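Take a look at the structure below.
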2 protein chains.
Amino acid sequence: MKKKQDAPPTPENRIRARNKAKILSAAVRIFAAKGFDGTSIAEIANLAGLPKANVYYYFKTKQAIYRTIIAGLILEWDKALAHLTEERHPADALADYIRAKLDFSRRHQLESKMFANEAVHGGRFLSRRDRAHMQAITVEKAKIFKAWAKAGKMDPVDPMHLFIMLWATTQFYADSDILAANALETRRLGARDFDKAAEVIIAVILKGCGIRSRGITRRS
Amino acid sequence: MKKKQDAPPTPENRIRARNKAKILSAAVRIFAAKGFDGTSIAEIANLAGLPKANVYYYFKTKQAIYRTIIAGLILEWDKALAHLTEERHPADALADYIRAKLDFSRRHQLESKMFANEAVHGGRFLSRRDRAHMQAITVEKAKIFKAWAKAGKMDPVDPMHLFIMLWATTQFYADSDILAANALETRRLGARDFDKAAEVIIAVILKGCGIRSRGITRRS
DNA sequence: TCATATCTTGACCAGATCGTCAACTTTTTC
DNA sequence: GAAAAAGTTGACGATCTGGTCAAGATATGA
């Protein structure tokens, strides 16, 4: 668990790295709870245990902090999408993707909420690059659905709308957790709830797309 | 299109009603775009074409405006749920519900976004009554799914998670419109996009729940 | 007509906000 | 160990915030 050995000249800018991390960790918590406008730098500084002026030493503006977090999140999502490859059996690939996406949303709930907030407010702080990246990767992965459909492995479901369904269902539990908890009659959502959600989503989506589960076709 | 004839003593408080409507209409626009904290009364007043002090004459606080809008929305949702009754054929009932919900979210996008924002931020301004109402009506409607499953009209899908899937998919296009538009490679979502969304969602969900469409079983 | 209720509004307040700055301390480098 | 670089911080300014108020304008009803 040691830090990288081949770090930059300075011993990896220990102080800089540590304080930036402190700030970002505090910021994501407050941004998620109150949104961009509802968050004050003073509060971030307070939660991070630093004087406000010190926060400004590391980040030029409030936007800079916000953008740093959003950009990091977008990169992480690509990883879940890596589960979707044309070669794999659709049932396995889709199930893995759904589980990975749900799991990520649960473990990074704060970032998820920040992004949801950003989407609701029209993506004020989503750069053109961010949008283009998301669009490109979605379009690319959509080709896999088309290929599967062509190969008779699934129904010819509109790939983009299917993607949106996947996105909506896998984000909802993290983003609107209080609504989900309210419906499920529980105080807070736990890992169990997310597992059950994955199970239901996978079952409905796979069957709904005409994808036969491997277990049924091969094992029995 | 005349106003009610049997209005209260005063000719229906014309002024009061008109100005409150002006304020609410301006408020929902800004709340949706910037969230509760990002919205200033001055901006609402400005958009409504009234001096700020006049806004405070009709609404005691900013919260009062916000809550008025949220409460109105929750009532409206019940109407879409009215499509779900045990007697109807599951395929018709569910399809109608999905269409009604999507349609409503499109026509009342601003209110939808306000509520999404509220959910992401933990429901700070959702009263206990609001929550209880939403829970009760959801639990009650869930019984219909159970009854259908018992009658062999659909698979025994967990009703609450199914409801959440429906909610998530039907709200996403309105709430996260920029993400959907980005994925669909269009500048703004139009009625066409919502119709196509309804079509895909209905197809996947019905088939995914093992509900046979009426058209197939009866007409052909 | 006149009294009463409703409505309008500019001015104001106390507190919070973002972001700056210049002086200070610590760490690194040679 | 001294010079330079990096990090720390209290105080400050300009602006904006939600909300109040009291004085005036307008509408209503008898």
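Residue numbers start at 1 in each chain; chains themselves are named A, B, ... in the order of the structure tokens; ligands are numbered from 1 in the order shown.
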
Wanna dump the chain D-chain A contacts at 10 Å for me, each residue with its shortest atom pair and the distance in Å to one decimal, counting only C-alpha atoms (C1' of nucleotides), ordered by chain and number, as a tab-separated table?
```
residue	atom	partner	partner_atom	distance
D:DA6	C1'	A:Arg16	CA	9.2
D:DG7	C1'	A:Ile15	CA	8.4
D:DT8	C1'	A:Asn54	CA	6.7
D:DT9	C1'	A:Ala53	CA	6.7
D:DG10	C1'	A:Ala53	CA	9.2
```

Within 10 Å of chain B: residues of chain C, using only C-alpha atoms (C1' of nucleotides), as a PDB file with N, CA and C atoms (P, O5', C5', C4', C3', O3' and C1' of nucleotides), in the first residue's frame:
```
ATOM      1  P    DT C   6     -58.964  41.425   3.388  1.00  0.00           P
ATOM      2  O5'  DT C   6     -58.154  41.807   2.077  1.00  0.00           O
ATOM      3  C5'  DT C   6     -58.853  41.984   0.856  1.00  0.00           C
ATOM      4  C4'  DT C   6     -57.968  42.720  -0.122  1.00  0.00           C
ATOM      5  C3'  DT C   6     -56.631  42.032  -0.400  1.00  0.00           C
ATOM      6  O3'  DT C   6     -56.637  41.649  -1.765  1.00  0.00           O
ATOM      7  C1'  DT C   6     -56.400  44.377  -0.174  1.00  0.00           C
ATOM      8  P    DC C   7     -55.428  40.721  -2.330  1.00  0.00           P
ATOM      9  O5'  DC C   7     -54.416  41.825  -2.874  1.00  0.00           O
ATOM     10  C5'  DC C   7     -54.874  42.779  -3.810  1.00  0.00           C
ATOM     11  C4'  DC C   7     -53.856  43.887  -3.944  1.00  0.00           C
ATOM     12  C3'  DC C   7     -52.437  43.447  -4.317  1.00  0.00           C
ATOM     13  O3'  DC C   7     -52.154  43.997  -5.595  1.00  0.00           O
ATOM     14  C1'  DC C   7     -52.437  45.200  -2.736  1.00  0.00           C
ATOM     15  P    DT C   8     -50.772  43.697  -6.303  1.00  0.00           P
ATOM     16  O5'  DT C   8     -49.905  44.937  -5.840  1.00  0.00           O
ATOM     17  C5'  DT C   8     -50.192  46.200  -6.391  1.00  0.00           C
ATOM     18  C4'  DT C   8     -49.148  47.194  -5.946  1.00  0.00           C
ATOM     19  C3'  DT C   8     -47.699  46.818  -6.283  1.00  0.00           C
ATOM     20  O3'  DT C   8     -47.180  47.849  -7.098  1.00  0.00           O
ATOM     21  C1'  DT C   8     -47.894  47.563  -4.031  1.00  0.00           C
ATOM     22  P    DT C   9     -45.871  47.589  -7.948  1.00  0.00           P
ATOM     23  O5'  DT C   9     -44.761  48.181  -6.969  1.00  0.00           O
ATOM     24  C5'  DT C   9     -44.944  49.495  -6.469  1.00  0.00           C
ATOM     25  C4'  DT C   9     -43.922  49.788  -5.406  1.00  0.00           C
ATOM     26  C3'  DT C   9     -42.552  49.127  -5.633  1.00  0.00           C
ATOM     27  O3'  DT C   9     -41.567  50.104  -5.552  1.00  0.00           O
ATOM     28  C1'  DT C   9     -43.238  48.888  -3.415  1.00  0.00           C
ATOM     29  P    DG C  10     -40.437  50.236  -6.605  1.00  0.00           P
ATOM     30  O5'  DG C  10     -39.444  51.226  -5.845  1.00  0.00           O
ATOM     31  C5'  DG C  10     -39.917  52.486  -5.415  1.00  0.00           C
ATOM     32  C4'  DG C  10     -39.264  52.878  -4.113  1.00  0.00           C
ATOM     33  C3'  DG C  10     -37.749  52.729  -4.091  1.00  0.00           C
ATOM     34  O3'  DG C  10     -37.193  53.859  -3.419  1.00  0.00           O
ATOM     35  C1'  DG C  10     -38.698  51.378  -2.380  1.00  0.00           C
TER      36       DG C  10
END
```

**Message:** I need the contact residues of chain A against chain B, so if you could list those with any atom within 8 Å, counting only C-alpha atoms, and return them as an MDAnalysis selection string, that would help.
**Reply:** chainID A and resid 32:38 113 116:117 119:123 131 134:135 138:139 157:158 160:162 164:165 168:169 172 175:180 182:185 197 200:201 203:209

**Message:** as a count of residues only, please: the residues near D:DA5 (cut-off 10 Å, only C-alpha atoms (C1' of nucleotides), same-chain neighbours under 2 positions excluded).
**Reply:** 5

**Message:** When you look at C:DC2 with a cut-off of 12 Å (counting only C-alpha atoms (C1' of nucleotides)), what residues show up, excluding the ones that are within fewer than 3 positions of it in the same chain? I need them as a PyMOL selection string.
**Reply:** chain D and resi 28-30

Write out the residues from the selection above, keeping N, CA and C atoms (P, O5', C5', C4', C3', O3' and C1' of nucleotides), as a compact mmCIF listing (two decimals), in the first residue's frame.
```txt
# COMPACT_ATOMS: atom_id res chain seq x y z
P DT D 28 -62.13 45.05 -7.11
O5' DT D 28 -62.94 45.21 -5.76
C5' DT D 28 -62.41 44.63 -4.56
C4' DT D 28 -63.31 44.97 -3.40
C3' DT D 28 -64.81 44.83 -3.68
O3' DT D 28 -65.37 43.99 -2.71
C1' DT D 28 -64.34 46.89 -2.63
P DG D 29 -66.80 43.34 -2.95
O5' DG D 29 -67.51 43.63 -1.57
C5' DG D 29 -66.83 44.34 -0.54
C4' DG D 29 -67.79 45.20 0.27
C3' DG D 29 -69.29 45.04 -0.07
O3' DG D 29 -70.00 45.11 1.17
C1' DG D 29 -68.69 47.28 -0.36
P DA D 30 -71.57 45.05 1.22
O5' DA D 30 -71.94 46.48 1.85
C5' DA D 30 -71.30 46.90 3.05
C4' DA D 30 -71.86 48.26 3.46
C3' DA D 30 -73.39 48.40 3.36
O3' DA D 30 -73.86 49.20 4.43
C1' DA D 30 -72.39 49.96 1.91
```

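Atom CA of A:Leu126 sits 25.0 Å away from atom CA of A:Leu84.
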
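Reported to one decimal place, the separation of atom CA of A:Ala80 from atom CA of A:Arg107 is 13.1 Å.
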
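Of note, atom CA of A:Arg29 and atom CA of A:Leu47 are spaced 9.2 Å apart.
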
**Request:** Using DSSP on the backbone coordinates, identify all residues within stretch 50-130 of chain A classified as helix (DSSP H, G or I); present the result as a PyMOL selection string.
**Result:** chain A and resi 52-58+62-81+90-107+109-120+128-130

**Request:** Tell me which protein, DNA and RNA residues are within 12 Å of D:DG18, counting only C-alpha atoms (C1' of nucleotides), leaving out same-chain ones fewer than 5 positions away, and put them as a PyMOL selection string.
**Result:** (chain B and resi 37+39-42+52-53+55-56+60-63) or (chain C and resi 13-16)
